[in-house]
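Have a look at the structure below before the remarks.
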Amino acid sequence: MNKKLLCVLAGVGFSLATYAQSIQVKRDTVVTEDTDKYRVVTNRFWDNWFLGAGAGAQIFFGDHAKQMKFGDRITPNYELYLGKWFSPGIGVRAGANGFKINTATQDVALSKNGKKVDKQPWDDYKLYEREFDYYHVHADVLFNLTNIFGGFREKRFYNISPYLGVGYMVTNDKPKQKEVSLNAGIFNSFRLGSAFDLTLDVRGALVNDRFDGVLGGRFGEGPLSASLGLVYKFKKRNWDKQSTTTITNSYDEAALAALISRVKQLSNDNDELRKLLANAKDTTITNINVMKNMLAAPILVTFPINKSVVSNEARVNLGFFAKLIKETNPDMVYTVTGYADKGTGTPQINERLSKERAESIFKVLVNEFGVNPAQLKVQNKGGVDNMFYNDPRLSRAVITYAEILDK
């Protein structure tokens, strides 16, 4: 009788081992890129900086300036600036512009060598040409309307970016003046290559009426300038599209179905086996768990940056995973571990995000696919360095794997 029992037990073990070894597991990595042209990944602080310079012409609008010939009012202008784009549609810059202003004055002491304006409104009204140096520092907020309304496209030839800003305009010529300015303009850029753009910057600045040394009852005065120049874009220059990376395990469905069928058959034969063992004179075995070593293979689900929502694609894979959990060893406990990318976000944010991701997977398995919550244990690791292939996207993930607990 003992020999017969040993043969039956050996046959059970050999059958399980043979079927288990016949299942081929294949790991597939799928990267899905977001096709929404308005949505990109936010870059780091030191990305998307730019440096520009230009030169052009300007004209001053002030008291008595309109009495001069138009050509006599035009003077050279320069423009220097450093800026950064925080997104394809919003950027800031700080810079300086200025040089010389030509206007007219009634005060001969302020005039340019006492030279009279050729164009006089009437004979007894004397105006004199005035020239003075100035500089203007300013800070602007730019709105790239092309990207805001048309979506980001790296190789787009033309972009138009209106801007608003404040500044400080100074002249050290007599009488010295320092005035706060309000600025508005249009920044036009034409792509020359990945690093350089040709630019046309049209700027208007408004300061107090006293800036030119004359109070004429105007609301304000200031220069209107146009500068042609170049801008250099520091790396990183472009914006990445969001992507989702999913690592899935695929099986030989026929072999898996055969294994499950064989396990069920062995489970049905359990009663008969116990009867045989009960008849053995020197052997007492009360329970044989033929599914003791059965478990579902680990699964990894990744998330977009700063997100914890489970995608539909990941839900499909979790459905297969849940089916294996429910059809195999009910005493097997699976650990659901959440992670975040250490390279982005603060430790506090990564701790919260890794916890939310693990809880999201737990809820899908339990609420949507009916996995027994007693078979799941949830934990999180916060932000971690690149776990796989030196790719930070694979650290924005949840890994679920089996733990064998003694019962």
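Letters A, B, ... go to the chains of the structure tokens in the order shown; residues in each chain start at 1; ligands are counted from 1 in the same order.
Every protein or nucleic acid residue with an atom no more than 7 Å from Ala205 of chain A, counting only C-alpha atoms and leaving out same-chain residues fewer than 2 positions away, appears here: Ser181, Leu182, Asn183, Ala184, Arg203, Val207, Gly222, Pro223 and Leu224 of chain A.
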Worksheet entry | Val310 of chain A surroundings by only C-alpha atoms, 12 Å radius, close-in-sequence under 2 positions cut, as a PyMOL selection string | chain A and resi 244+246+300-304+307-308+312-318+356-365+396-398
Selection from above, N, CA and C atoms, as a CSV table (one decimal), in the first residue's frame, can you write it?
chain,number,residue,atom,x,y,z
A,244,THR,N,3.4,56.8,-21.6
A,244,THR,CA,3.1,55.8,-20.6
A,244,THR,C,3.8,54.5,-21.0
A,246,THR,N,4.3,50.6,-20.2
A,246,THR,CA,3.7,49.4,-19.5
A,246,THR,C,4.5,48.2,-19.8
A,300,LEU,N,4.2,44.9,-13.5
A,300,LEU,CA,4.6,46.2,-13.3
A,300,LEU,C,3.6,47.2,-14.1
A,301,VAL,N,3.1,48.2,-13.5
A,301,VAL,CA,2.3,49.2,-14.1
A,301,VAL,C,2.9,50.5,-13.9
A,302,THR,N,3.1,51.3,-15.0
A,302,THR,CA,3.7,52.6,-14.9
A,302,THR,C,2.7,53.7,-15.0
A,303,PHE,N,3.1,54.9,-14.6
A,303,PHE,CA,2.2,56.1,-14.6
A,303,PHE,C,2.8,57.3,-15.2
A,304,PRO,N,2.1,58.2,-15.8
A,304,PRO,CA,2.7,59.5,-16.2
A,304,PRO,C,3.2,60.2,-15.0
A,307,LYS,N,1.1,61.6,-11.7
A,307,LYS,CA,-0.2,61.0,-11.9
A,307,LYS,C,-0.3,59.7,-11.1
A,308,SER,N,-1.6,59.4,-10.7
A,308,SER,CA,-1.8,58.1,-10.0
A,308,SER,C,-3.1,57.4,-10.6
A,312,ASN,N,-6.7,52.6,-19.0
A,312,ASN,CA,-7.5,51.5,-19.5
A,312,ASN,C,-6.6,50.3,-19.9
A,313,GLU,N,-5.5,50.6,-20.6
A,313,GLU,CA,-4.5,49.6,-21.0
A,313,GLU,C,-4.0,48.8,-19.8
A,314,ALA,N,-3.6,49.5,-18.7
A,314,ALA,CA,-3.1,48.8,-17.5
A,314,ALA,C,-4.3,48.0,-16.9
A,315,ARG,N,-5.5,48.5,-17.0
A,315,ARG,CA,-6.6,47.7,-16.4
A,315,ARG,C,-6.8,46.4,-17.1
A,316,VAL,N,-6.6,46.3,-18.4
A,316,VAL,CA,-6.7,45.1,-19.1
A,316,VAL,C,-5.7,44.0,-18.6
A,317,ASN,N,-4.4,44.5,-18.4
A,317,ASN,CA,-3.4,43.6,-17.9
A,317,ASN,C,-3.7,43.2,-16.4
A,318,LEU,N,-4.3,44.1,-15.6
A,318,LEU,CA,-4.6,43.8,-14.3
A,318,LEU,C,-5.8,42.8,-14.2
A,356,GLU,N,-0.4,56.8,-3.3
A,356,GLU,CA,-1.7,56.9,-4.1
A,356,GLU,C,-1.6,55.9,-5.2
A,357,ARG,N,-0.5,55.7,-5.8
A,357,ARG,CA,-0.4,54.8,-7.0
A,357,ARG,C,-0.6,53.3,-6.5
A,358,ALA,N,-0.1,52.9,-5.3
A,358,ALA,CA,-0.3,51.6,-4.8
A,358,ALA,C,-1.7,51.4,-4.5
A,359,GLU,N,-2.4,52.4,-3.8
A,359,GLU,CA,-3.8,52.3,-3.5
A,359,GLU,C,-4.7,52.2,-4.7
A,360,SER,N,-4.3,52.9,-5.8
A,360,SER,CA,-5.1,52.8,-7.0
A,360,SER,C,-5.1,51.4,-7.6
A,361,ILE,N,-3.9,50.7,-7.6
A,361,ILE,CA,-3.9,49.3,-8.1
A,361,ILE,C,-4.7,48.4,-7.2
A,362,PHE,N,-4.6,48.6,-5.9
A,362,PHE,CA,-5.3,47.8,-4.9
A,362,PHE,C,-6.8,47.9,-5.2
A,363,LYS,N,-7.3,49.2,-5.4
A,363,LYS,CA,-8.8,49.4,-5.6
A,363,LYS,C,-9.2,48.7,-6.9
A,364,VAL,N,-8.4,48.8,-8.0
A,364,VAL,CA,-8.8,48.2,-9.2
A,364,VAL,C,-8.9,46.7,-9.1
A,365,LEU,N,-7.9,46.1,-8.4
A,365,LEU,CA,-7.9,44.6,-8.2
A,365,LEU,C,-9.1,44.1,-7.4
A,396,ARG,N,8.2,55.4,-12.0
A,396,ARG,CA,6.8,56.0,-11.7
A,396,ARG,C,5.9,54.8,-11.8
A,397,ALA,N,5.9,53.8,-10.9
A,397,ALA,CA,5.3,52.6,-11.1
A,397,ALA,C,4.7,51.9,-9.9
A,398,VAL,N,4.0,50.8,-10.1
A,398,VAL,CA,3.6,49.9,-9.0
A,398,VAL,C,4.0,48.5,-9.4
Discussion item. If I take atom CA of Asp140 of chain A and atom CA of Ala94 of chain A, how far is one from the other in Å, to one decimal?
Written reply: 6.5 Å
Fill in: Nearest residue to Lys69 of chain A from the set A:Gln177, A:Leu295, A:Ala104, A:Leu145 (distances using only C-alpha atoms)
A:Ala104
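Here atom CA of Val170 of chain A is placed at a distance of 11.9 Å from atom CA of Ile101 of chain A.
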Practice prompt. Write down as JSON, numbers by chain the residues belonging to segment 43-244 of chain A that are assigned strand (DSSP E or B) by DSSP computed on the backbone.
Written response: {"A": [49, 50, 51, 52, 53, 54, 55, 56, 57, 58, 59, 60, 61, 74, 75, 76, 77, 78, 79, 80, 81, 82, 83, 84, 85, 90, 91, 92, 93, 94, 95, 96, 97, 98, 99, 100, 101, 102, 103, 104, 105, 116, 128, 129, 130, 131, 132, 133, 134, 135, 136, 137, 138, 139, 140, 141, 142, 143, 158, 159, 160, 161, 162, 163, 164, 165, 166, 167, 168, 169, 170, 171, 177, 178, 179, 180, 181, 182, 183, 184, 185, 186, 187, 188, 189, 190, 191, 196, 197, 198, 199, 200, 201, 202, 203, 204, 205, 206, 207, 221, 222, 223, 224, 225, 226, 227, 228, 229, 230, 231, 232, 233, 243, 244]}
Next, dump the selected residues to file, keeping only C-alpha atoms, as a compact mmCIF listing (two decimals), in the first residue's frame.
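Contents of result31.txt, freshly written:
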# COMPACT_ATOMS: atom_id res chain seq x y z
CA TRP A 49 16.48 79.54 -21.34
CA PHE A 50 17.26 82.01 -24.12
CA LEU A 51 19.59 84.99 -24.69
CA GLY A 52 18.92 87.70 -27.26
CA ALA A 53 20.25 90.93 -28.68
CA GLY A 54 19.02 93.32 -31.33
CA ALA A 55 19.32 96.78 -32.81
CA GLY A 56 16.90 99.07 -34.59
CA ALA A 57 15.24 102.44 -34.44
CA GLN A 58 12.96 104.34 -32.07
CA ILE A 59 10.82 107.47 -31.98
CA PHE A 60 9.85 109.48 -28.89
CA PHE A 61 6.36 110.76 -28.20
CA ILE A 74 14.15 108.80 -35.29
CA THR A 75 17.22 107.57 -33.37
CA PRO A 76 19.05 104.22 -33.01
CA ASN A 77 18.01 101.71 -30.36
CA TYR A 78 19.52 98.56 -28.84
CA GLU A 79 17.90 95.61 -27.03
CA LEU A 80 19.52 92.99 -24.73
CA TYR A 81 17.65 90.34 -22.72
CA LEU A 82 17.77 86.97 -20.95
CA GLY A 83 14.65 84.86 -20.49
CA LYS A 84 13.05 81.47 -19.91
CA TRP A 85 9.98 79.63 -21.19
CA ILE A 90 4.26 81.29 -21.10
CA GLY A 91 7.71 82.83 -20.60
CA VAL A 92 9.50 85.69 -18.86
CA ARG A 93 12.55 87.78 -19.63
CA ALA A 94 14.62 90.62 -18.16
CA GLY A 95 16.55 93.07 -20.27
CA ALA A 96 17.59 96.58 -21.16
CA ASN A 97 17.16 98.87 -24.13
CA GLY A 98 17.70 102.53 -24.98
CA PHE A 99 20.40 104.83 -26.47
CA LYS A 100 19.32 108.36 -27.56
CA ILE A 101 16.12 110.38 -27.81
CA ASN A 102 15.48 113.37 -30.10
CA THR A 103 12.68 115.74 -29.15
CA ALA A 104 11.88 119.46 -28.92
CA THR A 105 11.91 121.88 -25.99
CA LYS A 116 16.00 125.75 -33.48
CA TYR A 128 14.77 124.01 -29.90
CA GLU A 129 16.07 120.55 -30.71
CA ARG A 130 16.95 118.42 -27.71
CA GLU A 131 18.99 115.21 -27.64
CA PHE A 132 19.60 113.15 -24.52
CA ASP A 133 20.87 109.66 -23.64
CA TYR A 134 18.80 107.18 -21.66
CA TYR A 135 18.60 103.52 -20.69
CA HIS A 136 15.62 101.40 -19.80
CA VAL A 137 15.69 98.17 -17.75
CA HIS A 138 12.55 96.05 -17.90
CA ALA A 139 10.92 92.69 -17.07
CA ASP A 140 8.30 91.18 -19.38
CA VAL A 141 5.82 88.30 -19.38
CA LEU A 142 5.50 86.73 -22.86
CA PHE A 143 2.48 84.86 -24.23
CA TYR A 158 7.06 81.62 -37.09
CA ASN A 159 5.88 82.39 -33.55
CA ILE A 160 4.17 85.55 -32.31
CA SER A 161 4.36 86.46 -28.61
CA PRO A 162 2.69 89.60 -27.26
CA TYR A 163 4.06 90.72 -23.90
CA LEU A 164 3.40 93.04 -20.96
CA GLY A 165 5.90 94.32 -18.42
CA VAL A 166 7.22 96.96 -16.08
CA GLY A 167 10.55 98.77 -16.03
CA TYR A 168 12.67 101.68 -14.91
CA MET A 169 13.74 104.41 -17.36
CA VAL A 170 16.69 106.67 -16.52
CA THR A 171 18.39 109.70 -18.11
CA GLN A 177 15.01 111.81 -14.42
CA LYS A 178 14.16 108.31 -13.14
CA GLU A 179 10.70 106.99 -13.86
CA VAL A 180 8.80 103.70 -13.55
CA SER A 181 7.57 102.48 -16.95
CA LEU A 182 4.75 100.32 -18.27
CA ASN A 183 5.61 98.24 -21.34
CA ALA A 184 3.75 96.38 -24.04
CA GLY A 185 4.89 94.91 -27.32
CA ILE A 186 5.02 92.07 -29.79
CA PHE A 187 7.95 89.63 -29.95
CA ASN A 188 8.14 87.94 -33.37
CA SER A 189 10.52 85.01 -33.92
CA PHE A 190 11.52 83.22 -37.14
CA ARG A 191 13.22 79.82 -36.82
CA PHE A 196 18.88 80.29 -33.26
CA ASP A 197 15.89 82.46 -34.17
CA LEU A 198 15.69 85.74 -36.07
CA THR A 199 13.59 88.21 -34.04
CA LEU A 200 11.61 91.39 -34.60
CA ASP A 201 10.72 93.09 -31.31
CA VAL A 202 8.28 96.02 -31.35
CA ARG A 203 8.05 97.73 -27.93
CA GLY A 204 6.14 100.70 -26.53
CA ALA A 205 7.00 102.20 -23.12
CA LEU A 206 4.98 104.73 -21.11
CA VAL A 207 6.50 106.96 -18.40
CA GLU A 221 5.16 109.98 -22.83
CA GLY A 222 7.70 107.48 -23.99
CA PRO A 223 9.53 105.80 -26.88
CA LEU A 224 8.24 103.36 -29.49
CA SER A 225 11.00 101.08 -30.80
CA ALA A 226 11.51 98.26 -33.28
CA SER A 227 14.59 96.01 -33.09
CA LEU A 228 15.82 93.27 -35.41
CA GLY A 229 18.05 90.69 -33.74
CA LEU A 230 19.02 87.11 -32.92
CA VAL A 231 18.11 84.87 -30.01
CA TYR A 232 20.10 81.84 -28.84
CA LYS A 233 18.16 79.02 -27.16
CA SER A 243 4.19 58.90 -22.54
CA THR A 244 3.08 55.82 -20.64
Worksheet entry | DSSP helix (DSSP H, G or I) residues within segment 18-257 of chain A, as a PyMOL selection string | chain A and resi 18-21+65-67+70-73+108-110+145-150+209-212+253-257
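Among the candidates A:Gly370, A:Pro298, A:Gly89, A:Gly383, the residue lying nearest to Gly338 of chain A is A:Gly383 (atoms considered: only C-alpha atoms).
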Response to the item:
Among A:Met387, A:Leu215, A:Ile148, A:Ala296, Thr400 of chain A is approached most closely, using only C-alpha atoms, by A:Ala296
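Distance-wise, atom CA of Tyr339 of chain A and atom CA of Lys381 of chain A end up 5.4 Å apart.
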Item to complete: Show which residues sit within 7 Å of segment 43-47 of chain A, as a count of residues only. Count only C-alpha atoms, and ignore same-chain residues fewer than 4 positions away.
Response: 3
